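S.K.: Contents of start_26.tsv (TSV, C-alpha atoms):
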```tsv
chain	number	residue	atom	x	y	z
A	1	MET	CA	97.99	95.60	101.18
A	2	LYS	CA	97.43	98.26	98.59
A	3	LEU	CA	100.39	100.13	97.22
A	4	ASP	CA	100.72	103.87	97.75
A	5	ALA	CA	100.27	106.54	95.12
A	6	LYS	CA	102.64	106.83	92.20
A	7	LYS	CA	103.38	103.18	91.88
A	8	LEU	CA	106.55	102.07	90.34
A	9	ARG	CA	106.44	102.00	86.57
A	10	LEU	CA	108.89	99.18	85.99
A	11	SER	CA	109.10	99.80	82.28
A	12	GLU	CA	111.05	102.97	83.01
A	13	HIS	CA	113.70	101.08	84.89
A	14	ASP	CA	116.78	99.26	83.84
A	15	PRO	CA	120.11	98.51	85.53
A	16	GLU	CA	121.80	101.43	83.78
A	17	VAL	CA	119.32	103.82	85.37
A	18	PHE	CA	119.89	102.25	88.79
A	19	LYS	CA	123.64	102.85	88.56
A	20	LYS	CA	123.11	106.52	87.86
A	21	ILE	CA	121.18	107.27	91.05
A	22	LYS	CA	123.08	109.81	93.12
A	23	ARG	CA	123.29	108.16	96.53
A	24	ASN	CA	123.36	110.02	99.82
A	25	PRO	CA	126.11	109.20	102.37
A	26	ILE	CA	123.73	107.36	104.69
A	27	TYR	CA	123.79	103.67	105.64
A	28	ILE	CA	121.02	101.66	107.27
A	29	ILE	CA	121.95	98.78	109.58
A	30	VAL	CA	119.02	96.45	110.22
A	31	ASP	CA	119.73	94.63	113.49
A	32	ASN	CA	117.49	91.55	113.73
A	33	VAL	CA	114.29	93.08	112.35
A	34	LEU	CA	112.14	89.98	111.99
A	35	ASP	CA	108.95	91.03	110.26
A	36	THR	CA	109.25	90.83	106.48
A	37	TYR	CA	106.75	93.67	105.99
A	38	ASN	CA	108.99	95.89	108.10
A	39	ILE	CA	112.06	94.78	106.13
A	40	GLY	CA	110.39	95.56	102.82
A	41	SER	CA	109.27	98.93	104.14
A	42	ILE	CA	112.87	99.68	105.18
A	43	PHE	CA	113.93	99.07	101.55
A	44	ARG	CA	111.21	101.42	100.40
A	45	LEU	CA	112.55	104.11	102.74
A	46	ALA	CA	116.12	103.35	101.70
A	47	ASP	CA	115.10	104.03	98.11
A	48	ALA	CA	113.17	107.19	98.97
A	49	VAL	CA	116.24	108.69	100.64
A	50	ALA	CA	118.65	107.00	98.18
A	51	VAL	CA	120.90	105.66	100.92
A	52	GLU	CA	124.26	104.18	100.02
A	53	LYS	CA	123.56	100.67	101.31
A	54	VAL	CA	121.39	98.59	103.64
A	55	TYR	CA	123.04	96.00	105.90
A	56	LEU	CA	120.70	93.16	106.85
A	57	CYS	CA	122.09	91.60	110.03
A	58	GLY	CA	121.66	88.50	112.14
A	59	GLY	CA	118.18	86.98	111.97
A	60	THR	CA	116.93	89.60	109.50
A	61	GLU	CA	115.42	87.85	106.47
A	62	THR	CA	117.03	88.75	103.14
A	63	PRO	CA	115.85	89.03	99.51
A	64	PRO	CA	114.80	87.28	97.42
A	65	HIS	CA	111.60	86.99	99.45
A	66	HIS	CA	108.17	87.65	97.98
A	67	ARG	CA	106.79	89.47	101.04
A	68	ILE	CA	109.87	91.70	101.38
A	69	LYS	CA	109.72	92.47	97.66
A	70	LYS	CA	106.02	93.33	97.76
A	71	ALA	CA	106.31	95.56	100.85
A	72	SER	CA	109.37	97.20	99.29
A	73	ILE	CA	107.36	97.99	96.13
A	74	ASN	CA	110.13	96.25	94.16
A	75	THR	CA	112.83	98.58	95.50
A	76	THR	CA	114.78	95.45	96.55
A	77	GLU	CA	115.62	95.23	92.84
A	78	TRP	CA	117.98	98.23	92.97
A	79	VAL	CA	118.66	99.31	96.57
A	80	PRO	CA	122.20	98.06	97.37
A	81	TRP	CA	122.29	95.70	100.36
A	82	GLU	CA	124.42	93.04	101.93
A	83	TYR	CA	124.14	90.55	104.74
A	84	ALA	CA	126.27	90.72	107.90
A	85	PRO	CA	126.18	88.17	110.74
A	86	THR	CA	125.78	90.92	113.35
A	87	ALA	CA	125.23	94.67	113.43
A	88	VAL	CA	128.65	95.03	115.08
A	89	ALA	CA	130.24	93.16	112.13
A	90	ALA	CA	128.51	95.56	109.73
A	91	ILE	CA	129.78	98.57	111.70
A	92	LYS	CA	133.34	97.15	111.72
A	93	ASP	CA	133.18	96.57	107.99
A	94	LEU	CA	131.96	100.12	107.37
A	95	ARG	CA	134.49	101.70	109.73
A	96	SER	CA	137.31	99.79	108.04
A	97	LYS	CA	136.37	101.47	104.75
A	98	ILE	CA	135.08	104.87	105.82
A	99	LYS	CA	137.02	107.43	107.83
A	100	ASP	CA	134.96	109.31	110.42
A	101	LEU	CA	131.77	107.30	110.00
A	102	GLN	CA	129.16	108.42	112.52
A	103	VAL	CA	127.13	105.54	113.96
A	104	ILE	CA	123.74	106.15	115.55
A	105	SER	CA	121.41	103.64	117.19
A	106	ILE	CA	117.70	104.43	117.20
A	107	GLU	CA	116.65	103.30	120.65
A	108	GLN	CA	115.23	104.33	124.02
A	109	ASN	CA	118.01	103.96	126.55
A	110	GLU	CA	119.61	105.79	129.47
A	111	ARG	CA	122.22	107.10	126.99
A	112	SER	CA	119.58	108.31	124.50
A	113	VAL	CA	119.54	111.91	123.33
A	114	PRO	CA	116.72	113.67	121.44
A	115	TYR	CA	117.03	112.78	117.75
A	116	ASP	CA	116.82	116.41	116.61
A	117	LYS	CA	119.58	117.63	118.94
A	118	ILE	CA	122.38	115.49	117.47
A	119	ASP	CA	125.17	117.11	115.48
A	120	TYR	CA	124.94	114.77	112.50
A	121	THR	CA	128.00	114.34	110.33
A	122	PHE	CA	128.40	112.35	107.13
A	123	PRO	CA	128.77	109.56	106.25
A	124	VAL	CA	126.33	108.34	108.89
A	125	ALA	CA	125.01	104.87	109.70
A	126	LEU	CA	121.62	104.45	111.40
A	127	ILE	CA	120.88	101.25	113.29
A	128	ILE	CA	117.29	100.07	113.65
A	129	GLY	CA	116.56	97.05	115.83
A	130	HIS	CA	114.31	94.13	116.63
A	131	GLU	CA	110.57	94.78	117.00
A	132	THR	CA	110.50	93.77	120.67
A	133	ASP	CA	114.09	93.87	121.90
A	134	GLY	CA	115.31	96.88	119.94
A	135	VAL	CA	118.93	97.48	118.95
A	136	SER	CA	121.35	94.97	120.50
A	137	LYS	CA	123.48	96.11	123.44
A	138	GLU	CA	126.66	95.28	121.48
A	139	ALA	CA	125.64	97.60	118.64
A	140	MET	CA	124.66	100.39	121.05
A	141	ASP	CA	128.02	100.02	122.80
A	142	VAL	CA	129.89	100.90	119.60
A	143	SER	CA	127.49	103.69	118.55
A	144	ASP	CA	128.45	107.36	118.74
A	145	TYR	CA	124.95	108.33	119.77
A	146	ILE	CA	121.68	106.69	120.73
A	147	ALA	CA	118.81	108.74	119.32
A	148	GLU	CA	115.23	108.79	120.55
A	149	MET	CA	112.03	110.57	119.58
A	150	PRO	CA	110.00	112.42	122.20
A	151	MET	CA	106.62	110.83	122.98
A	152	TRP	CA	103.66	112.38	124.74
A	153	GLY	CA	101.25	109.45	125.06
A	154	ILE	CA	100.88	106.24	127.02
A	155	ASN	CA	102.33	103.55	124.77
A	156	ILE	CA	105.94	104.66	124.61
A	157	SER	CA	106.98	103.07	121.32
A	158	LEU	CA	106.98	103.69	117.59
A	159	ASN	CA	106.86	101.24	114.73
A	160	VAL	CA	110.28	100.24	113.35
A	161	MET	CA	109.70	101.78	109.92
A	162	VAL	CA	108.13	104.93	111.36
A	163	SER	CA	111.12	105.52	113.69
A	164	LEU	CA	113.53	104.96	110.83
A	165	GLY	CA	111.55	107.26	108.53
A	166	ILE	CA	111.56	110.10	111.07
A	167	MET	CA	115.32	109.66	111.63
A	168	LEU	CA	116.16	109.43	107.92
A	169	TYR	CA	114.29	112.61	107.11
A	170	GLU	CA	115.87	114.46	110.04
A	171	VAL	CA	119.32	113.34	108.89
A	172	ALA	CA	118.55	114.09	105.22
A	173	LYS	CA	117.74	117.70	106.19
A	174	ARG	CA	121.36	118.13	107.30
A	175	LEU	CA	122.91	116.63	104.14
A	176	PRO	CA	125.83	118.76	102.96
B	177	MET	CA	103.50	90.90	113.61
B	178	LYS	CA	105.65	91.34	116.67
B	179	LEU	CA	105.11	94.37	118.84
B	180	ASP	CA	107.88	96.88	119.32
B	181	ALA	CA	109.88	97.42	122.47
B	182	LYS	CA	108.27	98.67	125.67
B	183	LYS	CA	104.94	97.05	125.15
B	184	LEU	CA	101.93	98.50	126.74
B	185	ARG	CA	101.45	97.45	130.33
B	186	LEU	CA	97.68	97.51	130.47
B	187	SER	CA	97.55	97.11	134.23
B	188	GLU	CA	98.88	100.65	134.57
B	189	HIS	CA	96.00	102.08	132.59
B	190	ASP	CA	92.55	103.14	133.51
B	191	PRO	CA	90.12	105.70	132.12
B	192	GLU	CA	91.12	108.26	134.75
B	193	VAL	CA	94.71	108.13	133.51
B	194	PHE	CA	93.55	108.51	129.91
B	195	LYS	CA	91.64	111.70	130.75
B	196	LYS	CA	94.73	113.26	132.30
B	197	ILE	CA	96.89	113.02	129.18
B	198	LYS	CA	97.92	116.50	128.08
B	199	ARG	CA	96.95	116.55	124.42
B	200	ASN	CA	98.74	118.52	121.73
B	201	PRO	CA	96.70	120.82	119.41
B	202	ILE	CA	97.05	118.49	116.43
B	203	TYR	CA	94.27	116.64	114.60
B	204	ILE	CA	94.67	113.73	112.17
B	205	ILE	CA	92.15	113.34	109.35
B	206	VAL	CA	92.24	109.89	107.78
B	207	ASP	CA	90.80	110.20	104.27
B	208	ASN	CA	89.85	106.73	102.98
B	209	VAL	CA	92.87	104.80	104.30
B	210	LEU	CA	91.77	101.25	103.60
B	211	ASP	CA	94.36	98.96	105.14
B	212	THR	CA	93.55	98.13	108.75
B	213	TYR	CA	97.25	97.73	109.63
B	214	ASN	CA	97.81	101.29	108.45
B	215	ILE	CA	94.80	102.51	110.43
B	216	GLY	CA	96.06	100.83	113.60
B	217	SER	CA	99.51	102.29	113.05
B	218	ILE	CA	97.96	105.75	112.69
B	219	PHE	CA	96.37	105.30	116.14
B	220	ARG	CA	99.75	104.28	117.52
B	221	LEU	CA	101.28	107.47	116.10
B	222	ALA	CA	98.32	109.53	117.35
B	223	ASP	CA	99.04	108.23	120.84
B	224	ALA	CA	102.81	108.80	120.59
B	225	VAL	CA	102.24	112.46	119.72
B	226	ALA	CA	99.13	112.71	121.96
B	227	VAL	CA	97.03	114.37	119.28
B	228	GLU	CA	93.68	115.88	120.18
B	229	LYS	CA	91.58	113.61	117.96
B	230	VAL	CA	91.62	111.31	114.94
B	231	TYR	CA	88.87	111.64	112.31
B	232	LEU	CA	88.25	108.41	110.39
B	233	CYS	CA	86.57	109.36	107.12
B	234	GLY	CA	84.73	107.76	104.23
B	235	GLY	CA	85.71	104.15	103.60
B	236	THR	CA	88.19	104.10	106.49
B	237	GLU	CA	87.40	101.13	108.76
B	238	THR	CA	86.67	102.06	112.39
B	239	PRO	CA	87.19	100.41	115.79
B	240	PRO	CA	86.23	98.04	117.22
B	241	HIS	CA	88.26	95.90	114.80
B	242	HIS	CA	90.74	93.28	115.97
B	243	ARG	CA	93.38	94.07	113.32
B	244	ILE	CA	93.21	97.82	113.93
B	245	LYS	CA	93.43	97.21	117.69
B	246	LYS	CA	96.42	94.89	117.34
B	247	ALA	CA	98.34	97.20	114.98
B	248	SER	CA	97.50	100.12	117.27
B	249	ILE	CA	98.96	98.23	120.26
B	250	ASN	CA	95.67	98.85	122.04
B	251	THR	CA	95.95	102.63	121.68
B	252	THR	CA	92.44	102.56	120.14
B	253	GLU	CA	91.29	102.14	123.73
B	254	TRP	CA	92.15	105.74	124.66
B	255	VAL	CA	93.00	107.83	121.58
B	256	PRO	CA	89.93	110.04	120.92
B	257	TRP	CA	88.41	109.47	117.47
B	258	GLU	CA	85.22	109.96	115.55
B	259	TYR	CA	83.84	109.00	112.17
B	260	ALA	CA	83.03	111.55	109.45
B	261	PRO	CA	81.45	110.72	106.07
B	262	THR	CA	84.16	112.67	104.21
B	263	ALA	CA	87.40	114.44	105.02
B	264	VAL	CA	85.74	117.71	103.95
B	265	ALA	CA	82.96	117.10	106.50
B	266	ALA	CA	85.59	116.56	109.20
B	267	ILE	CA	87.35	119.79	108.22
B	268	LYS	CA	84.05	121.71	108.26
B	269	ASP	CA	83.24	120.32	111.69
B	270	LEU	CA	86.66	121.30	113.04
B	271	ARG	CA	86.60	124.76	111.47
B	272	SER	CA	83.15	125.40	112.96
B	273	LYS	CA	84.63	124.82	116.42
B	274	ILE	CA	88.20	126.08	116.10
B	275	LYS	CA	89.21	129.57	115.07
B	276	ASP	CA	92.26	129.76	112.81
B	277	LEU	CA	92.64	126.02	112.30
B	278	GLN	CA	95.45	125.30	109.85
B	279	VAL	CA	94.67	122.40	107.49
B	280	ILE	CA	97.45	120.53	105.70
B	281	SER	CA	97.16	117.69	103.21
B	282	ILE	CA	100.09	115.28	102.94
B	283	GLU	CA	100.31	114.69	99.21
B	284	GLN	CA	102.40	115.06	96.06
B	285	ASN	CA	100.70	117.63	93.88
B	286	GLU	CA	101.49	120.66	91.76
B	287	ARG	CA	100.55	122.82	94.78
B	288	SER	CA	102.81	120.85	97.15
B	289	VAL	CA	105.48	122.62	99.18
B	290	PRO	CA	108.36	121.00	101.10
B	291	TYR	CA	107.03	119.78	104.45
B	292	ASP	CA	109.83	121.44	106.43
B	293	LYS	CA	109.31	124.89	104.86
B	294	ILE	CA	105.75	125.43	106.05
B	295	ASP	CA	105.02	128.02	108.72
B	296	TYR	CA	102.98	125.72	110.95
B	297	THR	CA	100.47	127.29	113.30
B	298	PHE	CA	98.30	125.64	115.91
B	299	PRO	CA	95.80	124.06	116.10
B	300	VAL	CA	96.70	122.15	112.95
B	301	ALA	CA	94.95	119.28	111.15
B	302	LEU	CA	96.95	116.86	109.00
B	303	ILE	CA	95.17	114.89	106.28
B	304	ILE	CA	96.55	111.53	105.18
B	305	GLY	CA	94.93	109.75	102.26
B	306	HIS	CA	94.18	106.51	100.47
B	307	GLU	CA	97.08	104.10	99.82
B	308	THR	CA	96.82	104.41	96.03
B	309	ASP	CA	94.78	107.52	95.32
B	310	GLY	CA	96.11	109.74	98.12
B	311	VAL	CA	94.18	112.62	99.65
B	312	SER	CA	90.93	113.42	97.84
B	313	LYS	CA	90.83	116.46	95.57
B	314	GLU	CA	87.98	117.92	97.63
B	315	ALA	CA	90.05	117.79	100.81
B	316	MET	CA	93.11	119.27	99.09
B	317	ASP	CA	90.94	122.08	97.72
B	318	VAL	CA	90.06	123.25	101.24
B	319	SER	CA	93.58	122.75	102.66
B	320	ASP	CA	95.84	125.70	103.51
B	321	TYR	CA	98.91	123.80	102.36
B	322	ILE	CA	99.80	120.57	100.62
B	323	ALA	CA	102.99	119.20	102.13
B	324	GLU	CA	105.41	116.77	100.53
B	325	MET	CA	108.66	115.10	101.52
B	326	PRO	CA	111.67	115.27	99.21
B	327	MET	CA	112.65	111.93	97.65
B	328	TRP	CA	115.91	110.99	95.99
B	329	GLY	CA	115.18	107.50	94.63
B	330	ILE	CA	113.19	105.84	91.89
B	331	ASN	CA	109.93	104.82	93.55
B	332	ILE	CA	108.52	108.22	94.42
B	333	SER	CA	106.24	107.26	97.31
B	334	LEU	CA	106.25	106.69	101.04
B	335	ASN	CA	104.08	104.45	103.15
B	336	VAL	CA	101.01	106.15	104.66
B	337	MET	CA	102.14	105.71	108.26
B	338	VAL	CA	105.72	106.72	107.49
B	339	SER	CA	104.61	109.96	105.77
B	340	LEU	CA	102.32	110.77	108.67
B	341	GLY	CA	105.06	110.00	111.21
B	342	ILE	CA	107.55	112.31	109.51
B	343	MET	CA	104.95	115.10	109.34
B	344	LEU	CA	103.76	114.67	112.93
B	345	TYR	CA	107.30	114.88	114.27
B	346	GLU	CA	108.09	117.92	112.13
B	347	VAL	CA	104.94	119.63	113.37
B	348	ALA	CA	105.55	118.56	116.98
B	349	LYS	CA	108.95	120.28	116.89
B	350	ARG	CA	107.18	123.61	116.35
B	351	LEU	CA	104.66	123.14	119.19
B	352	PRO	CA	104.34	126.33	121.23
```
Any chance you could put this one into structure tokens?
M.R.:
Amino acid sequence: MKLDAKKLRLSEHDPEVFKKIKRNPIYIIVDNVLDTYNIGSIFRLADAVAVEKVYLCGGTETPPHHRIKKASINTTEWVPWEYAPTAVAAIKDLRSKIKDLQVISIEQNERSVPYDKIDYTFPVALIIGHETDGVSKEAMDVSDYIAEMPMWGINISLNVMVSLGIMLYEVAKRLP
Amino acid sequence: MKLDAKKLRLSEHDPEVFKKIKRNPIYIIVDNVLDTYNIGSIFRLADAVAVEKVYLCGGTETPPHHRIKKASINTTEWVPWEYAPTAVAAIKDLRSKIKDLQVISIEQNERSVPYDKIDYTFPVALIIGHETDGVSKEAMDVSDYIAEMPMWGINISLNVMVSLGIMLYEVAKRLP
């Protein structure tokens, strides 16, 4: 796996720089994503959008892990994250600290609405789920919205990191 | 690598079904993308958005290839594609057939403009480039726009398939 353009120049980085990053009021809740390449790629996205924190939940592997670190292009070194036993526990923890948190599952479901038609408010938490089973029912049950992307083809699915990337950039457009 | 939710049910598919897919006036030009997982994921995206055709250019590996097929979730079986020796050759071929084709490179460059500020017209061709070196200078030189995504973090790069996914969904929103 080659790294993309503009690779990280680690010499420019130190913990003091990391603390100064202006973070956007967006949280990512990773609900049982099992593939470590996907997990690393989620960190890479979390850095690109400078989200506040990533919650790694349930069976989701956590750093330190060489494959996560490599796929993340070392962004695991500074993107804030914590582990939660379930996505619902992560949501409860966030809601206990943050008034008016909006929680959105990325999933195809009878409750789903088009991702670009949601009235996003901030802070917002986006939940991305398991590669086969998607976001857990429990997490969807406590979500304000379930967001889906339109698809025009035959195989009605998107890769975990691609779905999250599309959602993050749609949400980031509406940042205050 | 696990497959995402709603896996392809191959029994539902036959060539007659494939021919009936209504395709959107979008082309993807793959300029020396070397990783076969990325190439397969590009096919998966090409199917999700039902693009007209994928051009695989230069050193880009082509189907049949087991890793491309697996990452594509079998979408290589019906997404139209062809090989071109260079991205510029693919653009020339397309422009010889299509009046007023808009060509857009996805790249960070001094000419780059924010991806959501472009006045997209159709048909449109999106060029995605090499994992390290990006889109070739020659292809950028003949592009109408160079589009980039804003980034707020430290590692100023996005994965090939994530960049393409964000662009495809932005473009698809403007479909006539």
S.K.: Hey, what's within 9 Å of Trp257 of chain B if we count only C-alpha atoms and toss same-chain stuff fewer than 5 positions away? As a list in words, please?
M.R.: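 Result of the neighbour search: Glu228, Lys229, Val230, Tyr231, Leu232 and Thr252 of chain B.
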S.K.: Of the residues B:Ser217, B:Ser319, B:Asn285, B:Ser272, which is the one nearest to Leu158 of chain A, using all atoms listed in the file?
M.R.: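 Under the stated criterion, the closest residue is B:Ser217.
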S.K.: Counting only C-alpha atoms, which of A:Ala89, A:Val79, A:Met151, A:Ile106 gets nearest to chain B?
M.R.: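 Closest to chain B of all the choices is A:Met151.
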S.K.: Report the closest atom pair, with its distance in Å rounded to one decimal, for each residue of chain A that has an atom no farther than 9 Å from chain B; count all atoms listed in the file, sort by chain and then rising residue number, and write it as a tab-separated table.
M.R.:
```
residue	atom	partner	partner_atom	distance
A:Met1	CA	B:Asp211	CA	6.3
A:Lys2	CA	B:Glu307	CA	6.0
A:Leu3	CA	B:Thr308	CA	5.7
A:Asp4	CA	B:Glu307	CA	4.2
A:Ala5	CA	B:Thr308	CA	4.2
A:Lys6	CA	B:Ser333	CA	6.3
A:Lys7	CA	B:Asn331	CA	7.0
A:Leu8	CA	B:Asn331	CA	5.4
A:Arg9	CA	B:Asn331	CA	8.3
A:His13	CA	B:Ile330	CA	8.5
A:Phe18	CA	B:Ile330	CA	8.2
A:Ile21	CA	B:Gly329	CA	7.0
A:Lys22	CA	B:Trp328	CA	7.8
A:Arg23	CA	B:Trp328	CA	7.9
A:Asn24	CA	B:Trp328	CA	8.4
A:Leu34	CA	B:Lys178	CA	8.1
A:Asp35	CA	B:Met177	CA	6.4
A:Tyr37	CA	B:Met177	CA	8.7
A:Ser41	CA	B:Asn335	CA	7.6
A:Arg44	CA	B:Leu334	CA	7.3
A:Leu45	CA	B:Leu334	CA	7.0
A:Ala46	CA	B:Gly329	CA	8.3
A:Asp47	CA	B:Gly329	CA	4.9
A:Ala48	CA	B:Gly329	CA	4.8
A:Val49	CA	B:Trp328	CA	5.2
A:Ala50	CA	B:Gly329	CA	5.0
A:Val51	CA	B:Gly329	CA	8.7
A:Ile73	CA	B:Asn331	CA	7.7
A:Asn74	CA	B:Asn331	CA	8.6
A:Thr75	CA	B:Asn331	CA	7.2
A:Gln108	CA	B:Ala181	CA	8.9
A:Asp116	CA	B:Lys349	CA	8.8
A:His130	CA	B:Asp180	CA	7.5
A:Glu131	CA	B:Asp180	CA	4.1
A:Thr132	CA	B:Ala181	CA	4.1
A:Asp133	CA	B:Ala181	CA	5.5
A:Gly134	CA	B:Ala181	CA	6.0
A:Met149	CA	B:Tyr345	CA	8.3
A:Pro150	CA	B:Val225	CA	8.1
A:Met151	CA	B:Ala224	CA	4.9
A:Trp152	CA	B:Val225	CA	5.2
A:Gly153	CA	B:Ala224	CA	4.8
A:Ile154	CA	B:Asp223	CA	6.7
A:Asn155	CA	B:Leu184	CA	5.4
A:Ile156	CA	B:Lys182	CA	6.5
A:Ser157	CA	B:Lys182	CA	6.3
A:Leu158	CA	B:Leu221	CA	7.0
A:Asn159	CA	B:Asp180	CA	6.4
A:Val160	CA	B:Asp180	CA	7.3
A:Met161	CA	B:Val338	CA	6.8
A:Val162	CA	B:Val338	CA	4.9
A:Ser163	CA	B:Gly341	CA	7.9
A:Leu164	CA	B:Val338	CA	8.7
A:Gly165	CA	B:Val338	CA	5.9
A:Ile166	CA	B:Ile342	CA	4.8
A:Met167	CA	B:Ile342	CA	8.5
A:Tyr169	CA	B:Ile342	CA	7.2
A:Glu170	CA	B:Ile342	CA	8.6
A:Lys173	CA	B:Asp292	CA	8.8
```
S.K.: Show me, as a list of chain:residue names, the residues that have an atom within 10 Å of Arg174 of chain A when counting only C-alpha atoms, minus same-chain residues fewer than 6 positions from it.
M.R.: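 Neighbouring residues, sequence-local ones excluded: A:Asp119, A:Tyr120, A:Thr121, A:Phe122.
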S.K.: Figure out the distance between atom CA of Ala266 of chain B and atom CA of Glu237 of chain B, please, to one decimal in Å.
M.R.: 15.5 Å
S.K.: Using only C-alpha atoms, which residue out of B:Cys233, B:Val264, B:Met316, B:Ile322 lies closest to Ser288 of chain B?
M.R.: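 Going through B:Cys233, B:Val264, B:Met316, B:Ile322 one by one, the smallest distance to Ser288 of chain B is for B:Ile322.
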S.K.: What gap, in Å, lies between atom CA of Gly58 of chain A and atom CA of Ile29 of chain A?
M.R.: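 For atom CA of Gly58 of chain A relative to atom CA of Ile29 of chain A, the distance reads 10.6 Å.
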S.K.: Which polymer residues have any atom within 12 Å of an atom of Gln278 of chain B, counting only C-alpha atoms, with same-chain residues fewer than 6 positions away left out, as a ChimeraX atom specification?
M.R.: /B:201-204,267,270-271,294-303,318-322,347
S.K.: Could you please determine the separation between atom CA of Pro239 of chain B and atom CA of Val206 of chain B in Å, to one decimal place?
M.R.: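 One can read the atom CA of Pro239 of chain B to atom CA of Val206 of chain B distance as 13.4 Å.
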S.K.: Supply segment 191-206 of chain B as a PDB file, keeping the file's coordinate frame, with N, CA and C atoms built in where the input has gaps.
M.R.:
```pdb
ATOM      1  N   PRO B 191      90.702 104.529 132.790  1.00  0.00           N
ATOM      2  CA  PRO B 191      90.120 105.700 132.120  1.00  0.00           C
ATOM      3  C   PRO B 191      90.509 107.018 132.776  1.00  0.00           C
ATOM      4  N   GLU B 192      90.737 107.012 134.069  1.00  0.00           N
ATOM      5  CA  GLU B 192      91.120 108.260 134.750  1.00  0.00           C
ATOM      6  C   GLU B 192      92.489 108.740 134.275  1.00  0.00           C
ATOM      7  N   VAL B 193      93.381 107.788 134.037  1.00  0.00           N
ATOM      8  CA  VAL B 193      94.710 108.130 133.510  1.00  0.00           C
ATOM      9  C   VAL B 193      94.563 108.717 132.109  1.00  0.00           C
ATOM     10  N   PHE B 194      93.710 108.074 131.297  1.00  0.00           N
ATOM     11  CA  PHE B 194      93.550 108.510 129.910  1.00  0.00           C
ATOM     12  C   PHE B 194      93.103 109.968 129.848  1.00  0.00           C
ATOM     13  N   LYS B 195      92.187 110.337 130.763  1.00  0.00           N
ATOM     14  CA  LYS B 195      91.640 111.700 130.750  1.00  0.00           C
ATOM     15  C   LYS B 195      92.687 112.740 131.091  1.00  0.00           C
ATOM     16  N   LYS B 196      93.716 112.305 131.806  1.00  0.00           N
ATOM     17  CA  LYS B 196      94.730 113.260 132.300  1.00  0.00           C
ATOM     18  C   LYS B 196      95.842 113.527 131.285  1.00  0.00           C
ATOM     19  N   ILE B 197      95.843 112.800 130.169  1.00  0.00           N
ATOM     20  CA  ILE B 197      96.890 113.020 129.180  1.00  0.00           C
ATOM     21  C   ILE B 197      96.785 114.448 128.649  1.00  0.00           C
ATOM     22  N   LYS B 198      97.893 115.156 128.657  1.00  0.00           N
ATOM     23  CA  LYS B 198      97.920 116.500 128.080  1.00  0.00           C
ATOM     24  C   LYS B 198      98.004 116.335 126.562  1.00  0.00           C
ATOM     25  N   ARG B 199      96.984 116.769 125.864  1.00  0.00           N
ATOM     26  CA  ARG B 199      96.950 116.550 124.420  1.00  0.00           C
ATOM     27  C   ARG B 199      97.505 117.760 123.664  1.00  0.00           C
ATOM     28  N   ASN B 200      98.174 117.471 122.566  1.00  0.00           N
ATOM     29  CA  ASN B 200      98.740 118.520 121.730  1.00  0.00           C
ATOM     30  C   ASN B 200      97.709 118.985 120.694  1.00  0.00           C
ATOM     31  N   PRO B 201      97.729 120.276 120.312  1.00  0.00           N
ATOM     32  CA  PRO B 201      96.700 120.820 119.410  1.00  0.00           C
ATOM     33  C   PRO B 201      96.896 120.400 117.953  1.00  0.00           C
ATOM     34  N   ILE B 202      96.857 119.085 117.756  1.00  0.00           N
ATOM     35  CA  ILE B 202      97.050 118.490 116.430  1.00  0.00           C
ATOM     36  C   ILE B 202      95.894 117.516 116.187  1.00  0.00           C
ATOM     37  N   TYR B 203      95.332 117.566 114.995  1.00  0.00           N
ATOM     38  CA  TYR B 203      94.270 116.640 114.600  1.00  0.00           C
ATOM     39  C   TYR B 203      94.765 115.821 113.402  1.00  0.00           C
ATOM     40  N   ILE B 204      94.344 114.564 113.334  1.00  0.00           N
ATOM     41  CA  ILE B 204      94.670 113.730 112.170  1.00  0.00           C
ATOM     42  C   ILE B 204      93.366 113.398 111.457  1.00  0.00           C
ATOM     43  N   ILE B 205      93.316 113.679 110.161  1.00  0.00           N
ATOM     44  CA  ILE B 205      92.150 113.340 109.350  1.00  0.00           C
ATOM     45  C   ILE B 205      92.544 112.226 108.390  1.00  0.00           C
ATOM     46  N   VAL B 206      91.893 111.087 108.543  1.00  0.00           N
ATOM     47  CA  VAL B 206      92.240 109.890 107.780  1.00  0.00           C
ATOM     48  C   VAL B 206      91.226 109.759 106.648  1.00  0.00           C
TER      49      VAL B 206
END
```
